[in-house]
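> This is the structure I have questions about; it appears just below.
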Amino acid sequence: MILDVEKHPLIDSILSVVSQTYMDSCSLSNHAFSTDSPSSKLLYAKELQDYKPAVRKFYSDIQALPPVTDEKLFSSLPSTENMQLHRDAALYDLAVYANNYCYQIDDALQRNNCEELSKKFATVISYLQLYLIPNATT
């Protein structure tokens, strides 16, 4: 799913049907439906066939587009000011993740005979807990 949030099991199963249907509708392969097919697949079997011509045209139109130049690609990227903010947020999220799973990460490093890396990781975690993540609970 796009968002990694806690959801009720019923909502999760509904979203799974929707996401699988979306993926199936964007596929060019033929779906062989039978009485053994899951009900979630059979629910939209007829509609999936209706989308095939549109999906084929979409992929054909994309294939017919001229190649993207480097200049156009780089002009579509965000500015460096925004990239700095995104980078800082990503690094902070990575730090929080490393802090939350520090015991498991350290255990994996130890099991793989990476003692030196384990020591460096412990130093980084100590720094993170002291300066970056003040309310760290490990």
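Each chain of the structure tokens is named A, B, ... in the order shown, its residues numbered from 1; ligands are numbered from 1 in display order.
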I want to know what sits within 12 Å of Leu132 in chain A, based on only C-alpha atoms, with residues of the same chain fewer than 4 positions away left out; could you give that as a PyMOL selection string?

chain A and resi 88+91-96+99+124-128+136

> Among chain A, which residues does DSSP mark as helix (DSSP H, G or I) when it is run on the backbone? Keep the chain and numbering as in the structure and answer as a PyMOL selection string.

chain A and resi 9-25+39-43+45-64+70-76+80-100+102-111+115-132

> Could you pull the residues within 12 Å of Gln110 in chain A, counting only C-alpha atoms, minus those fewer than 6 positions along the same chain, as a PyMOL selection string?

chain A and resi 103-104+116-119+121-122

> Once you have the residues from the selection above, write them out as a tab-separated table (two decimals), in the first residue's frame, restricted to C-alpha atoms.


```tsv
chain	number	residue	atom	x	y	z
A	103	TYR	CA	19.18	-4.35	19.35
A	104	GLN	CA	18.10	-6.38	16.32
A	116	GLU	CA	34.07	-3.58	14.31
A	117	LEU	CA	30.94	-2.41	12.52
A	118	SER	CA	28.89	-3.30	15.60
A	119	LYS	CA	31.10	-1.03	17.73
A	121	PHE	CA	26.96	1.28	15.14
A	122	ALA	CA	26.83	1.45	18.95
```

> Quick one: of A:Gln129, A:Leu48, A:Phe74, A:Asn30, who's nearest to Asn100 in chain A, counting only C-alpha atoms?

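Smallest distance to Asn100 in chain A is found for A:Gln129.
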
> Given only C-alpha atoms as the basis, pick out the residue of A:Gln63, A:Thr69, A:Gln20, A:Asp106 nearest to Lys120 in chain A.

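Between A:Gln63, A:Thr69, A:Gln20, A:Asp106, the residue approaching Lys120 in chain A most closely is A:Asp106.
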
> May I ask for the distance between CA of Glu47 in chain A and CA of Ser60 in chain A, given in Å to one decimal place?

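One can read the CA of Glu47 in chain A to CA of Ser60 in chain A distance as 20.7 Å.
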
> Just the number, please: distance in Å from CA of Ala45 in chain A to CA of Ile62 in chain A, one decimal.

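About the pair CA of Ala45 in chain A and CA of Ile62 in chain A: they are 25.6 Å apart.
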
> Residues within 12 Å of Lys52 in chain A, please, as a ChimeraX atom specification. Count only C-alpha atoms; anything in the same chain fewer than 2 positions from it doesn't count.

/A:24-31,45-50,54-59

> Export, as a compact mmCIF listing (two decimals), in the first residue's frame, the selected residues with N, CA, C and O atoms.


```
# COMPACT_ATOMS: atom_id res chain seq x y z
N ASP A 24 -4.25 -5.83 -11.49
CA ASP A 24 -4.76 -6.69 -12.55
C ASP A 24 -5.27 -5.87 -13.73
O ASP A 24 -5.12 -6.25 -14.88
N SER A 25 -5.89 -4.72 -13.44
CA SER A 25 -6.45 -3.90 -14.52
C SER A 25 -5.34 -3.26 -15.36
O SER A 25 -5.57 -2.93 -16.52
N CYS A 26 -4.16 -3.10 -14.81
CA CYS A 26 -3.04 -2.51 -15.55
C CYS A 26 -2.18 -3.55 -16.25
O CYS A 26 -1.18 -3.22 -16.88
N SER A 27 -2.54 -4.80 -16.14
CA SER A 27 -1.78 -5.89 -16.74
C SER A 27 -2.30 -6.20 -18.14
O SER A 27 -3.50 -6.12 -18.41
N LEU A 28 -1.39 -6.55 -19.02
CA LEU A 28 -1.79 -6.93 -20.37
C LEU A 28 -2.02 -8.43 -20.49
O LEU A 28 -2.54 -8.89 -21.51
N SER A 29 -1.65 -9.19 -19.49
CA SER A 29 -1.82 -10.64 -19.57
C SER A 29 -3.29 -11.00 -19.43
O SER A 29 -4.08 -10.30 -18.79
N ASN A 30 -3.65 -12.11 -20.05
CA ASN A 30 -5.04 -12.59 -19.97
C ASN A 30 -5.24 -13.34 -18.67
O ASN A 30 -4.41 -14.19 -18.31
N HIS A 31 -6.29 -13.04 -18.00
CA HIS A 31 -6.60 -13.68 -16.73
C HIS A 31 -7.52 -14.86 -16.98
O HIS A 31 -8.57 -14.71 -17.60
N ALA A 45 -14.06 -9.42 -12.63
CA ALA A 45 -13.57 -10.11 -13.82
C ALA A 45 -14.08 -9.45 -15.10
O ALA A 45 -13.31 -9.24 -16.05
N LYS A 46 -15.35 -9.12 -15.16
CA LYS A 46 -15.91 -8.52 -16.37
C LYS A 46 -15.32 -7.14 -16.62
O LYS A 46 -14.96 -6.80 -17.75
N GLU A 47 -15.20 -6.34 -15.58
CA GLU A 47 -14.68 -4.99 -15.72
C GLU A 47 -13.22 -4.99 -16.18
O GLU A 47 -12.79 -4.12 -16.93
N LEU A 48 -12.45 -5.98 -15.73
CA LEU A 48 -11.05 -6.05 -16.13
C LEU A 48 -10.93 -6.16 -17.65
O LEU A 48 -10.05 -5.54 -18.26
N GLN A 49 -11.78 -6.95 -18.26
CA GLN A 49 -11.73 -7.11 -19.72
C GLN A 49 -12.11 -5.80 -20.43
O GLN A 49 -11.61 -5.53 -21.51
N ASP A 50 -12.97 -5.01 -19.81
CA ASP A 50 -13.36 -3.73 -20.40
C ASP A 50 -12.19 -2.74 -20.42
O ASP A 50 -12.13 -1.85 -21.27
N ALA A 54 -8.09 0.09 -23.23
CA ALA A 54 -7.55 1.36 -22.73
C ALA A 54 -6.13 1.18 -22.20
O ALA A 54 -5.26 2.04 -22.42
N VAL A 55 -5.86 0.07 -21.55
CA VAL A 55 -4.51 -0.20 -21.02
C VAL A 55 -3.54 -0.39 -22.17
O VAL A 55 -2.43 0.14 -22.16
N ARG A 56 -3.95 -1.16 -23.18
CA ARG A 56 -3.08 -1.36 -24.36
C ARG A 56 -2.77 -0.01 -25.03
O ARG A 56 -1.63 0.25 -25.40
N LYS A 57 -3.77 0.83 -25.18
CA LYS A 57 -3.57 2.14 -25.80
C LYS A 57 -2.63 2.99 -24.95
O LYS A 57 -1.74 3.67 -25.47
N PHE A 58 -2.81 2.96 -23.65
CA PHE A 58 -1.96 3.73 -22.74
C PHE A 58 -0.50 3.32 -22.90
O PHE A 58 0.38 4.17 -23.07
N TYR A 59 -0.23 2.01 -22.86
CA TYR A 59 1.15 1.53 -23.01
C TYR A 59 1.70 1.84 -24.40
O TYR A 59 2.88 2.18 -24.55
```

> Name all residues at most 12 Å from Val17 in chain A (count only C-alpha atoms; drop same-chain ones fewer than 4 positions away) and give them as an mmCIF file with N, CA, C and O atoms, in the first residue's frame.


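Contents of the output file out_12.cif:
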```cif
data_model
loop_
_atom_site.group_PDB
_atom_site.id
_atom_site.type_symbol
_atom_site.label_atom_id
_atom_site.label_comp_id
_atom_site.auth_asym_id
_atom_site.auth_seq_id
_atom_site.Cartn_x
_atom_site.Cartn_y
_atom_site.Cartn_z
ATOM 1 N N MET A 1 0.834 -1.186 0.000
ATOM 2 C CA MET A 1 0.000 0.000 0.000
ATOM 3 C C MET A 1 0.878 1.249 0.000
ATOM 4 O O MET A 1 2.043 1.199 0.333
ATOM 5 N N LEU A 10 -10.402 -5.827 8.638
ATOM 6 C CA LEU A 10 -11.428 -5.760 7.596
ATOM 7 C C LEU A 10 -11.054 -4.725 6.539
ATOM 8 O O LEU A 10 -11.146 -4.985 5.332
ATOM 9 N N ILE A 11 -10.618 -3.560 6.987
ATOM 10 C CA ILE A 11 -10.208 -2.504 6.056
ATOM 11 C C ILE A 11 -8.999 -2.973 5.250
ATOM 12 O O ILE A 11 -8.913 -2.744 4.042
ATOM 13 N N ASP A 12 -8.081 -3.662 5.902
ATOM 14 C CA ASP A 12 -6.896 -4.170 5.216
ATOM 15 C C ASP A 12 -7.282 -5.144 4.104
ATOM 16 O O ASP A 12 -6.743 -5.082 2.998
ATOM 17 N N SER A 13 -8.238 -6.031 4.373
ATOM 18 C CA SER A 13 -8.640 -6.991 3.340
ATOM 19 C C SER A 13 -9.350 -6.282 2.187
ATOM 20 O O SER A 13 -9.159 -6.644 1.021
ATOM 21 N N THR A 21 -6.983 -5.587 -7.663
ATOM 22 C CA THR A 21 -7.802 -5.285 -8.833
ATOM 23 C C THR A 21 -7.136 -4.208 -9.682
ATOM 24 O O THR A 21 -7.105 -4.295 -10.913
ATOM 25 N N TYR A 22 -6.574 -3.208 -9.021
ATOM 26 C CA TYR A 22 -5.874 -2.144 -9.744
ATOM 27 C C TYR A 22 -4.688 -2.713 -10.509
ATOM 28 O O TYR A 22 -4.485 -2.408 -11.689
ATOM 29 N N MET A 23 -3.897 -3.566 -9.857
ATOM 30 C CA MET A 23 -2.749 -4.170 -10.534
ATOM 31 C C MET A 23 -3.196 -5.051 -11.692
ATOM 32 O O MET A 23 -2.600 -5.027 -12.775
ATOM 33 N N ASP A 24 -4.246 -5.830 -11.487
ATOM 34 C CA ASP A 24 -4.759 -6.691 -12.552
ATOM 35 C C ASP A 24 -5.272 -5.865 -13.725
ATOM 36 O O ASP A 24 -5.118 -6.253 -14.883
ATOM 37 N N PRO A 38 -10.274 -16.925 -6.583
ATOM 38 C CA PRO A 38 -10.799 -16.259 -5.388
ATOM 39 C C PRO A 38 -11.943 -15.318 -5.750
ATOM 40 O O PRO A 38 -11.965 -14.736 -6.837
ATOM 41 N N SER A 39 -12.868 -15.178 -4.838
ATOM 42 C CA SER A 39 -14.029 -14.313 -5.092
ATOM 43 C C SER A 39 -13.607 -12.878 -5.373
ATOM 44 O O SER A 39 -14.255 -12.173 -6.141
ATOM 45 N N SER A 40 -12.512 -12.448 -4.765
ATOM 46 C CA SER A 40 -12.042 -11.085 -5.008
ATOM 47 C C SER A 40 -11.641 -10.899 -6.473
ATOM 48 O O SER A 40 -11.794 -9.815 -7.023
ATOM 49 N N LYS A 41 -11.124 -11.946 -7.116
ATOM 50 C CA LYS A 41 -10.768 -11.867 -8.540
ATOM 51 C C LYS A 41 -12.021 -11.900 -9.400
ATOM 52 O O LYS A 41 -12.114 -11.223 -10.414
ATOM 53 N N LEU A 42 -12.985 -12.727 -9.011
ATOM 54 C CA LEU A 42 -14.206 -12.864 -9.797
ATOM 55 C C LEU A 42 -15.091 -11.630 -9.710
ATOM 56 O O LEU A 42 -15.871 -11.355 -10.618
ATOM 57 N N LEU A 43 -14.959 -10.892 -8.619
ATOM 58 C CA LEU A 43 -15.797 -9.724 -8.384
ATOM 59 C C LEU A 43 -15.703 -8.707 -9.524
ATOM 60 O O LEU A 43 -16.697 -8.109 -9.928
ATOM 61 N N TYR A 44 -14.494 -8.519 -10.058
ATOM 62 C CA TYR A 44 -14.272 -7.525 -11.096
ATOM 63 C C TYR A 44 -13.806 -8.138 -12.412
ATOM 64 O O TYR A 44 -13.229 -7.450 -13.252
#
```
